[in-house]
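Pasted below: start20.txt, compact mmCIF, C-alpha atoms.
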```
# COMPACT_ATOMS: atom_id res chain seq x y z
CA MET A 269 63.45 118.25 88.56
CA TRP A 270 66.88 119.87 88.73
CA ALA A 271 68.57 122.03 86.15
CA VAL A 272 72.28 121.51 86.74
CA ILE A 273 74.67 124.33 85.87
CA LYS A 274 78.40 123.49 85.52
CA VAL A 275 81.02 126.17 85.80
CA PRO A 276 84.85 125.90 85.58
CA VAL A 277 86.62 126.47 88.88
CA TYR A 278 89.72 128.61 89.40
CA ILE A 279 92.18 128.49 92.28
CA ASN A 280 94.21 131.68 92.65
CA GLY A 281 97.26 131.27 94.81
CA GLY A 282 96.49 131.53 98.49
CA GLY A 283 93.32 133.54 98.03
CA VAL A 284 90.00 132.18 96.90
CA ARG A 285 87.56 133.80 94.59
CA TYR A 286 84.30 132.28 93.57
CA SER A 287 81.11 133.11 91.82
CA SER A 288 77.83 131.31 91.79
CA SER A 289 74.75 130.99 89.67
CA SER A 290 71.56 129.17 90.47
CA LYS A 291 68.50 127.79 88.84
CA ASN A 292 65.90 125.60 90.53
CA GLY A 293 67.98 125.16 93.65
CA CYS A 294 71.33 124.55 91.98
CA ASN A 295 74.41 126.62 92.73
CA SER A 296 77.76 126.42 90.94
CA PHE A 297 80.78 127.88 92.70
CA VAL A 298 83.97 128.97 90.99
CA ARG A 299 87.08 128.32 93.09
CA GLY A 300 90.14 128.14 90.98
CA ARG A 301 91.58 126.20 88.17
CA LYS A 302 91.31 122.46 87.58
CA TYR A 303 88.01 121.80 89.34
CA SER A 304 84.33 121.99 88.45
CA VAL A 305 82.01 122.14 91.46
CA LYS A 306 78.23 121.91 91.41
CA MET A 307 75.77 122.00 94.32
CA CYS A 308 72.16 121.05 93.74
CA SER A 309 69.09 120.66 95.90
CA THR A 310 65.37 120.72 95.68
CA PRO A 311 63.26 122.29 98.41
CA GLY A 312 63.42 120.26 101.60
CA GLN A 313 66.35 118.12 100.42
CA ASN A 314 70.00 118.09 101.44
CA VAL A 315 72.56 119.78 99.24
CA GLN A 316 74.47 117.43 96.92
CA VAL A 317 78.05 118.29 96.02
CA SER A 318 80.16 116.76 93.27
CA VAL A 319 83.70 117.69 92.35
CA LYS A 320 85.35 116.68 89.10
CA SER A 321 89.08 117.17 88.62
CA LYS A 322 90.90 117.55 85.35
CA ILE A 323 93.74 115.08 84.86
CA GLU A 324 96.97 116.67 83.70
CA PRO A 325 98.63 115.01 80.66
CA LEU A 326 101.39 112.59 81.59
CA PRO A 327 104.81 113.91 80.45
CA ILE A 328 107.04 111.49 78.57
CA MET A 329 110.45 111.60 76.90
CA VAL A 330 110.86 109.27 73.92
CA ASN A 331 114.56 108.65 73.33
CA GLY A 332 115.40 107.38 69.87
CA CYS A 333 112.38 109.05 68.28
CA THR A 334 114.36 109.73 65.09
CA GLY A 335 114.10 105.98 64.44
CA LYS A 336 110.98 104.34 63.03
CA MET A 337 110.03 102.55 66.24
CA GLY A 338 110.60 105.59 68.43
CA ARG A 339 108.59 107.72 66.01
CA ALA A 340 105.70 105.22 66.06
CA VAL A 341 105.67 105.31 69.88
CA LEU A 342 105.77 109.10 69.86
CA GLU A 343 102.75 109.33 67.56
CA ALA A 344 100.79 106.67 69.46
CA SER A 345 101.52 108.45 72.74
CA ILE A 346 100.27 111.79 71.44
CA SER A 347 97.10 110.11 70.12
CA ALA A 348 96.56 108.60 73.58
CA GLY A 349 96.76 112.04 75.21
CA LEU A 350 100.27 111.78 76.64
CA GLN A 351 102.47 114.87 76.59
CA PRO A 352 105.97 114.52 75.08
CA VAL A 353 108.48 117.00 76.50
CA PRO A 354 110.23 119.05 73.78
CA ILE A 355 113.57 117.29 74.39
CA CYS A 356 114.90 113.79 73.72
CA PHE A 357 118.22 111.98 73.35
CA GLY A 358 119.75 110.40 70.29
CA GLY A 359 123.10 109.44 68.85
CA PRO A 360 125.83 111.91 67.77
CA GLU A 361 124.50 111.79 64.21
CA ASP A 362 121.07 113.01 65.36
CA GLU A 363 122.21 115.87 67.58
CA GLY A 364 120.45 119.12 66.76
CA LYS A 365 117.70 117.51 64.68
CA THR A 366 114.07 118.47 65.18
CA VAL A 367 111.35 115.84 65.20
CA GLU A 368 107.80 116.96 64.49
CA ALA A 369 104.82 114.87 65.56
CA GLY A 370 101.23 115.80 66.36
CA GLY A 371 101.97 119.48 65.94
CA LYS A 372 104.82 119.30 68.47
CA GLU A 373 108.53 119.91 67.91
CA ILE A 374 111.14 117.90 69.80
CA ILE A 375 114.83 118.82 69.82
CA VAL A 376 117.26 115.88 69.78
CA HIS A 377 120.30 116.13 72.05
CA GLY A 378 123.43 114.06 71.59
CA PRO A 379 125.53 112.22 74.20
CA SER A 380 127.07 115.34 75.77
CA ASP A 381 125.69 116.78 79.03
CA ARG A 382 122.83 114.26 79.13
CA GLU A 383 122.74 113.98 82.90
CA ASN A 384 122.25 117.72 83.46
CA ILE A 385 119.63 117.93 80.74
CA LEU A 386 117.63 114.95 82.02
CA SER A 387 117.88 116.17 85.62
CA SER A 388 116.53 119.56 84.59
CA VAL A 389 113.61 118.03 82.67
CA PHE A 390 112.83 115.66 85.56
CA GLU A 391 112.86 118.54 88.02
CA GLU A 392 110.38 120.43 85.84
CA HIS A 393 108.24 117.33 85.27
CA PRO A 394 108.48 115.14 88.42
CA ASN A 395 106.02 112.57 87.04
CA LEU A 396 108.08 112.12 83.84
CA ILE A 397 108.33 108.66 82.24
CA VAL A 398 111.22 108.02 79.85
CA VAL A 399 110.81 105.62 76.91
CA ASP A 400 113.88 104.09 75.29
CA TYR A 401 113.95 102.88 71.68
CA THR A 402 117.59 103.54 70.87
CA LEU A 403 120.26 100.97 69.93
CA PRO A 404 121.43 97.73 71.60
CA ALA A 405 124.87 99.25 72.22
CA ALA A 406 123.29 102.11 74.18
CA VAL A 407 121.02 100.06 76.45
CA ASN A 408 123.30 99.82 79.49
CA ASP A 409 124.66 103.38 79.35
CA ASN A 410 121.14 104.75 78.99
CA ALA A 411 119.79 102.66 81.86
CA GLU A 412 122.64 103.86 84.08
CA LEU A 413 121.74 107.45 83.20
CA TYR A 414 118.05 106.99 83.99
CA CYS A 415 118.84 105.26 87.26
CA LYS A 416 121.40 107.87 88.30
CA VAL A 417 118.88 110.66 87.77
CA GLY A 418 116.11 108.54 89.32
CA VAL A 419 113.60 108.77 86.49
CA PRO A 420 111.24 105.82 85.80
CA PHE A 421 111.59 104.34 82.32
CA VAL A 422 110.23 101.87 79.79
CA MET A 423 113.03 99.97 78.04
CA GLY A 424 111.82 98.76 74.65
CA THR A 425 115.30 98.48 73.15
CA THR A 426 116.59 94.93 72.82
CA GLY A 427 120.17 93.76 73.28
CA GLY A 428 122.85 95.00 75.61
CA ASP A 429 123.95 93.16 78.73
CA ARG A 430 120.55 92.23 80.16
CA GLU A 431 121.90 90.84 83.43
CA LYS A 432 123.77 94.09 84.01
CA LEU A 433 120.65 96.04 83.04
CA TYR A 434 118.50 94.36 85.67
CA LYS A 435 121.19 94.73 88.33
CA THR A 436 121.56 98.44 87.57
CA VAL A 437 117.83 99.01 87.99
CA ALA A 438 117.53 96.82 91.08
CA ASP A 439 120.40 98.59 92.82
CA SER A 440 118.95 102.03 92.04
CA LYS A 441 115.38 101.18 93.11
CA VAL A 442 114.07 103.06 90.08
CA TYR A 443 110.74 101.92 88.61
CA ALA A 444 111.02 100.38 85.15
CA VAL A 445 109.22 98.22 82.61
CA ILE A 446 111.81 96.15 80.75
CA SER A 447 110.64 93.92 77.92
CA PRO A 448 112.20 92.71 74.67
CA GLN A 449 108.67 92.47 73.28
CA MET A 450 106.03 95.19 73.62
CA GLY A 451 103.32 93.66 71.41
CA LYS A 452 100.58 92.61 73.83
CA GLN A 453 99.31 89.68 71.78
CA VAL A 454 102.82 88.36 71.17
CA VAL A 455 103.52 88.65 74.91
CA ALA A 456 100.38 86.60 75.58
CA PHE A 457 101.80 83.90 73.26
CA LEU A 458 105.14 84.04 75.08
CA THR A 459 103.36 83.68 78.41
CA ALA A 460 101.55 80.58 77.14
CA MET A 461 104.92 79.16 76.07
CA GLU A 462 106.38 79.82 79.51
CA ILE A 463 103.42 78.13 81.21
CA MET A 464 103.85 75.09 78.96
CA ALA A 465 107.59 74.96 79.70
CA GLU A 466 106.96 75.21 83.42
CA GLN A 467 104.22 72.60 83.56
CA PHE A 468 105.60 70.11 81.03
CA PRO A 469 109.40 70.17 81.31
CA GLY A 470 111.11 67.76 78.93
CA ALA A 471 107.98 67.22 76.82
CA PHE A 472 110.00 67.72 73.62
CA SER A 473 113.17 65.92 74.70
CA GLY A 474 115.11 64.66 71.70
CA TYR A 475 113.32 66.93 69.23
CA SER A 476 115.39 69.09 66.91
CA LEU A 477 114.59 72.77 66.49
CA GLN A 478 114.92 75.13 63.55
CA VAL A 479 114.39 78.86 64.06
CA MET A 480 114.08 81.51 61.39
CA GLU A 481 113.36 85.17 62.07
CA SER A 482 113.05 88.02 59.60
CA HIS A 483 113.23 91.72 60.48
CA GLN A 484 114.01 94.91 58.60
CA ALA A 485 117.66 95.16 57.58
CA SER A 486 118.32 97.89 60.16
CA LYS A 487 117.74 95.46 63.07
CA LEU A 488 121.24 94.35 63.95
CA ASP A 489 120.70 91.78 66.70
CA THR A 490 118.81 88.52 67.09
CA SER A 491 115.20 89.07 68.08
CA GLY A 492 114.65 89.18 71.84
CA THR A 493 111.33 87.43 71.26
CA ALA A 494 113.08 84.58 69.47
CA LYS A 495 115.51 84.23 72.36
CA ALA A 496 112.63 84.05 74.84
CA VAL A 497 110.78 81.38 72.84
CA ILE A 498 113.98 79.36 72.39
CA SER A 499 114.52 79.48 76.15
CA CYS A 500 111.08 77.92 76.62
CA PHE A 501 111.86 75.15 74.13
CA GLU A 502 115.08 74.44 75.98
CA LYS A 503 113.10 73.95 79.18
CA LEU A 504 110.87 71.60 77.21
CA GLY A 505 113.91 69.44 76.51
CA VAL A 506 115.21 70.79 73.20
CA SER A 507 118.93 71.38 72.73
CA PHE A 508 119.64 74.52 70.71
CA ASP A 509 122.42 77.08 70.26
CA LEU A 510 121.50 80.70 69.56
CA ASP A 511 124.10 80.78 66.79
CA GLU A 512 121.81 78.40 64.88
CA VAL A 513 119.08 81.02 64.49
CA GLN A 514 118.65 81.86 60.80
CA LEU A 515 118.54 85.64 60.54
CA ILE A 516 116.91 86.90 57.36
CA ARG A 517 117.82 90.51 56.63
CA ASP A 518 118.07 90.47 52.83
CA PRO A 519 114.96 92.06 51.26
CA VAL A 520 114.92 89.67 48.30
CA GLN A 521 114.93 86.64 50.58
CA GLN A 522 112.33 88.26 52.81
CA VAL A 523 109.91 88.59 49.90
CA GLU A 524 110.64 85.36 48.05
CA MET A 525 111.46 82.94 50.87
CA VAL A 526 109.65 84.34 53.91
CA GLY A 527 106.65 85.96 52.22
CA VAL A 528 106.98 89.45 53.66
CA PRO A 529 104.78 91.95 51.78
CA GLU A 530 107.02 94.47 50.01
CA GLU A 531 105.34 97.44 51.67
CA TYR A 532 106.50 96.11 55.07
CA LEU A 533 110.12 95.35 54.26
CA LEU A 534 111.16 98.34 56.39
CA GLY A 535 109.07 97.29 59.37
CA HIS A 536 108.13 93.68 60.11
CA ALA A 537 108.81 90.77 62.47
CA PHE A 538 108.29 87.23 61.15
CA HIS A 539 109.19 84.25 63.35
CA MET A 540 109.06 80.50 62.65
CA TYR A 541 109.94 77.68 65.04
CA HIS A 542 109.93 74.14 63.60
CA LEU A 543 110.25 71.07 65.83
CA THR A 544 110.95 67.58 64.49
CA SER A 545 110.87 64.29 66.43
CA PRO A 546 114.02 62.12 66.58
CA ASP A 547 112.66 59.68 63.95
CA GLY A 548 111.27 62.45 61.73
CA THR A 549 107.68 61.22 61.88
CA VAL A 550 106.27 64.07 63.98
CA SER A 551 106.66 67.82 63.55
CA PHE A 552 105.30 70.94 65.18
CA GLU A 553 105.46 74.48 63.86
CA PHE A 554 104.88 77.76 65.72
CA GLN A 555 104.69 80.99 63.76
CA HIS A 556 103.86 84.62 64.46
CA ASN A 557 104.15 87.37 61.88
CA VAL A 558 103.81 91.11 62.45
CA CYS A 559 103.68 93.77 59.72
CA GLY A 560 104.29 97.36 60.79
CA ARG A 561 104.97 98.76 64.25
CA SER A 562 101.57 99.73 65.63
CA ILE A 563 101.29 96.61 67.80
CA TYR A 564 104.50 97.56 69.63
CA ALA A 565 103.68 101.27 69.84
CA GLU A 566 100.26 100.66 71.40
CA GLY A 567 101.74 98.15 73.84
CA THR A 568 104.37 100.70 74.83
CA VAL A 569 101.68 103.27 75.61
CA ASP A 570 100.00 100.72 77.89
CA ALA A 571 103.37 100.12 79.58
CA ILE A 572 103.81 103.86 80.15
CA LEU A 573 100.38 104.21 81.77
CA PHE A 574 100.98 101.06 83.84
CA LEU A 575 104.34 102.31 85.10
CA ALA A 576 103.00 105.76 85.95
CA LYS A 577 100.33 104.10 88.09
CA LYS A 578 102.90 101.95 89.93
CA VAL A 579 105.07 104.99 90.62
CA LYS A 580 102.11 106.97 91.95
CA LEU A 581 101.07 104.10 94.23
CA LYS A 582 104.69 103.66 95.40
CA GLU A 583 104.45 99.93 94.84
CA GLU A 584 107.05 97.76 96.55
CA LYS A 585 107.88 95.94 93.32
CA GLN A 586 109.83 98.19 90.97
CA ILE A 587 110.95 96.14 87.96
CA TYR A 588 108.17 94.96 85.64
CA ASP A 589 107.74 93.42 82.21
CA MET A 590 104.91 93.26 79.69
CA ILE A 591 103.48 90.16 81.34
CA ASP A 592 102.86 92.32 84.40
CA VAL A 593 101.16 94.88 82.17
CA LEU A 594 98.94 92.17 80.69
CA ARG A 595 98.03 90.78 84.10
CA GLU A 596 96.99 94.23 85.30
CA GLY A 597 94.10 94.01 82.85
CA ASN A 598 93.67 97.77 82.37
CA MET A 599 94.87 98.04 78.78
CA ARG A 600 93.13 100.33 76.34
```
Structure encoded using structure tokens:
Amino acid sequence: MWAVIKVPVYINGGGVRYSSSSKNGCNSFVRGRKYSVKMCSTPGQNVQVSVKSKIEPLPIMVNGCTGKMGRAVLEASISAGLQPVPICFGGPEDEGKTVEAGGKEIIVHGPSDRENILSSVFEEHPNLIVVDYTLPAAVNDNAELYCKVGVPFVMGTTGGDREKLYKTVADSKVYAVISPQMGKQVVAFLTAMEIMAEQFPGAFSGYSLQVMESHQASKLDTSGTAKAVISCFEKLGVSFDLDEVQLIRDPVQQVEMVGVPEEYLLGHAFHMYHLTSPDGTVSFEFQHNVCGRSIYAEGTVDAILFLAKKVKLKEEKQIYDMIDVLREGNMR
């Protein structure tokens, strides 16, 4: 029987130093940092060697971490073992602020000199992944910055000119995950809707559609998820104008009419889609309600890990969404 002895290994520049200890035919050699090497054998047997490497934490920059969604992603990332760099970007009103999370301090920089700052951070951390949870008005400018510097990014912010966003990324050949919805289970529902729309086009022709969505008052734009679901219904034969979406942002209405628990007024996403047949005798209703932000934060962490893998493998495809993340099947 073997008694295996494990020793940390140290690599010192160009030279090599090692030490060894043995017991019952086992020798452990020390050769630097980041590796643990063990060699074991019993009399008359060949030597067995195993090497175990220590994985360095993945560096990330979470822009918009002064907001509730950005902060949730920051905390989830730290819990997952990711390593936020001590710098992020925010609006002019956030410049100079310090965000504390998981025992780490992150300094928020405003719009000035962003390119030089990001380039410097990317040079220091070449495997950096940027996460964006800023504002709809900043989506395109931020994407142009990331693409100009060449840093891979996860775009969780909704809004902006999406066609321009995709073109910017495609032209730059930068790796990115772009998704208006980061909740994995909600994305699975969206995927099912897309499959239904593709396989049964026109199935709901003539039906009328009512859409209501409720989010915290700070969300300024129409839900990207609602837009995606509406697009599926349109392929199924429903005629609908986005201006018809009923946006509920008043807290009183959210509690009394929608049924949002009061403790989640500052962070929720309730959606209802009601279909009615032309003669009013048949109706269908689809609903998905989310309280809090953890579902999006955890999905974002999966997107970060997914993107880092694609960058490392130098995959030919460079623009992904959360459906790609789901299909990969390696979520935590």
**OP:** Go ahead and find all residues with at least one atom no further than 6 Å from (106.2, 109.4, 76.5) in the file's coordinates, using only C-alpha atoms; report them as a ChimeraX atom specification.
**Re:** /A:328-330,352,399
Original post:
Within 7 Å of stretch 529-544 of chain A, counting all atoms listed in the file, which residues qualify if same-chain residues fewer than 3 places away don't, as a ChimeraX atom specification?
Top reply: /A:475-484,519,523,548,550-561
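What separates atom CA of A:His377 from atom CA of A:Glu566 is a distance of 25.3 Å.
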**OP:** Between atom CA of A:Pro394 and atom CA of A:Pro327, measure the distance and give it in Å to one decimal.
**Re:** 8.9 Å
**OP:** Using atom CA of A:Ile463 and atom CA of A:Asp589 as the two end points, give the distance in Å to one decimal.
**Re:** 15.9 Å
Write out as a short mmCIF file (atom, residue, chain, number, x, y, z; two decimals) with C-alpha atoms, keeping the file's coordinate frame which residues come within 12 Å of A:Arg595 when counting only C-alpha atoms, dropping same-chain ones fewer than 2 positions away.
```
data_model
loop_
_atom_site.label_atom_id
_atom_site.label_comp_id
_atom_site.auth_asym_id
_atom_site.auth_seq_id
_atom_site.Cartn_x
_atom_site.Cartn_y
_atom_site.Cartn_z
CA LYS A 452 100.58 92.61 73.83
CA VAL A 455 103.52 88.65 74.91
CA ALA A 456 100.38 86.60 75.58
CA THR A 459 103.36 83.68 78.41
CA ASP A 570 100.00 100.72 77.89
CA ALA A 571 103.37 100.12 79.58
CA PHE A 574 100.98 101.06 83.84
CA TYR A 588 108.17 94.96 85.64
CA ASP A 589 107.74 93.42 82.21
CA MET A 590 104.91 93.26 79.69
CA ILE A 591 103.48 90.16 81.34
CA ASP A 592 102.86 92.32 84.40
CA VAL A 593 101.16 94.88 82.17
CA GLY A 597 94.10 94.01 82.85
CA ASN A 598 93.67 97.77 82.37
CA MET A 599 94.87 98.04 78.78
#
```
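With distances taken over all atoms listed in the file, A:Thr334 is the one residue among A:Thr334, A:Asn395, A:Thr493, A:Ser486 lying closest to A:Thr366.
Using all atoms listed in the file, the protein and nucleic acid residues lying no more than 9 Å from A:Gly364, apart from those fewer than 3 places from it along its own chain, are Glu361, Ile375, Val376, His377 and Gly378 of chain A.
Among the candidates A:Val407, A:Leu504, A:Ala565, A:Val528, the residue lying nearest to A:Glu343 is A:Ala565 (atoms considered: all atoms listed in the file).
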**OP:** Identify which of the residues A:Glu391, A:Glu583, A:Pro325, A:Gly567 lies closest to A:Leu350, counting all atoms listed in the file when measuring atom-to-atom distances.
**Re:** A:Pro325
**OP:** Between A:Met337, A:Val445, A:Val497, A:Ala405, single out the one closest to A:Gly359, counting all atoms listed in the file.
**Re:**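 Smallest distance to A:Gly359 is found for A:Ala405.
With distances restricted to all atoms listed in the file, A:Ala485 is the closest residue to A:Asp518 from A:Met450, A:Ala485, A:Val419, A:Leu573.
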Listed atoms of stretch 479-496 of chain A boxed axis-aligned with 4 Å per side, centre + edges as JSON:
```
{"center_x": 116.3, "center_y": 88.4, "center_z": 66.2, "size_x": 17.9, "size_y": 27.0, "size_z": 25.3}
```
Subject >> For A:Asn384, the nearest of the candidates A:Val417, A:Val442, A:Val422, A:Leu488, counting all atoms listed in the file >> reply: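 Among the listed residues, the smallest separation from A:Asn384 belongs to A:Val417.
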Subject >> A:Leu403 environment, 10 Å, only C-alpha atoms, sequence neighbours closer than 6 positions dropped, as a list in words >> reply: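 So, after excluding close chain neighbours, the residues are Gly332, Gly335, Gly358, Gly359, Asn410, Gly424, Thr425, Thr426, Gly427, Gly428, Lys487, Leu488 and Asp489 of chain A.
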Subject >> Within 9 Å of A:Cys415 using all atoms listed in the file, minus same-chain residues under 4 positions, as an MDAnalysis selection string >> reply: chainID A and resid 410:411 419:421 436:437 439:443
Selected residues written out with C-alpha atoms, as a tab-separated table (two decimals), keeping the file's coordinate frame:
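That gives us out_9.tsv:
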```tsv
chain	number	residue	atom	x	y	z
A	410	ASN	CA	121.14	104.75	78.99
A	411	ALA	CA	119.79	102.66	81.86
A	419	VAL	CA	113.60	108.77	86.49
A	420	PRO	CA	111.24	105.82	85.80
A	421	PHE	CA	111.59	104.34	82.32
A	436	THR	CA	121.56	98.44	87.57
A	437	VAL	CA	117.83	99.01	87.99
A	439	ASP	CA	120.40	98.59	92.82
A	440	SER	CA	118.95	102.03	92.04
A	441	LYS	CA	115.38	101.18	93.11
A	442	VAL	CA	114.07	103.06	90.08
A	443	TYR	CA	110.74	101.92	88.61
```
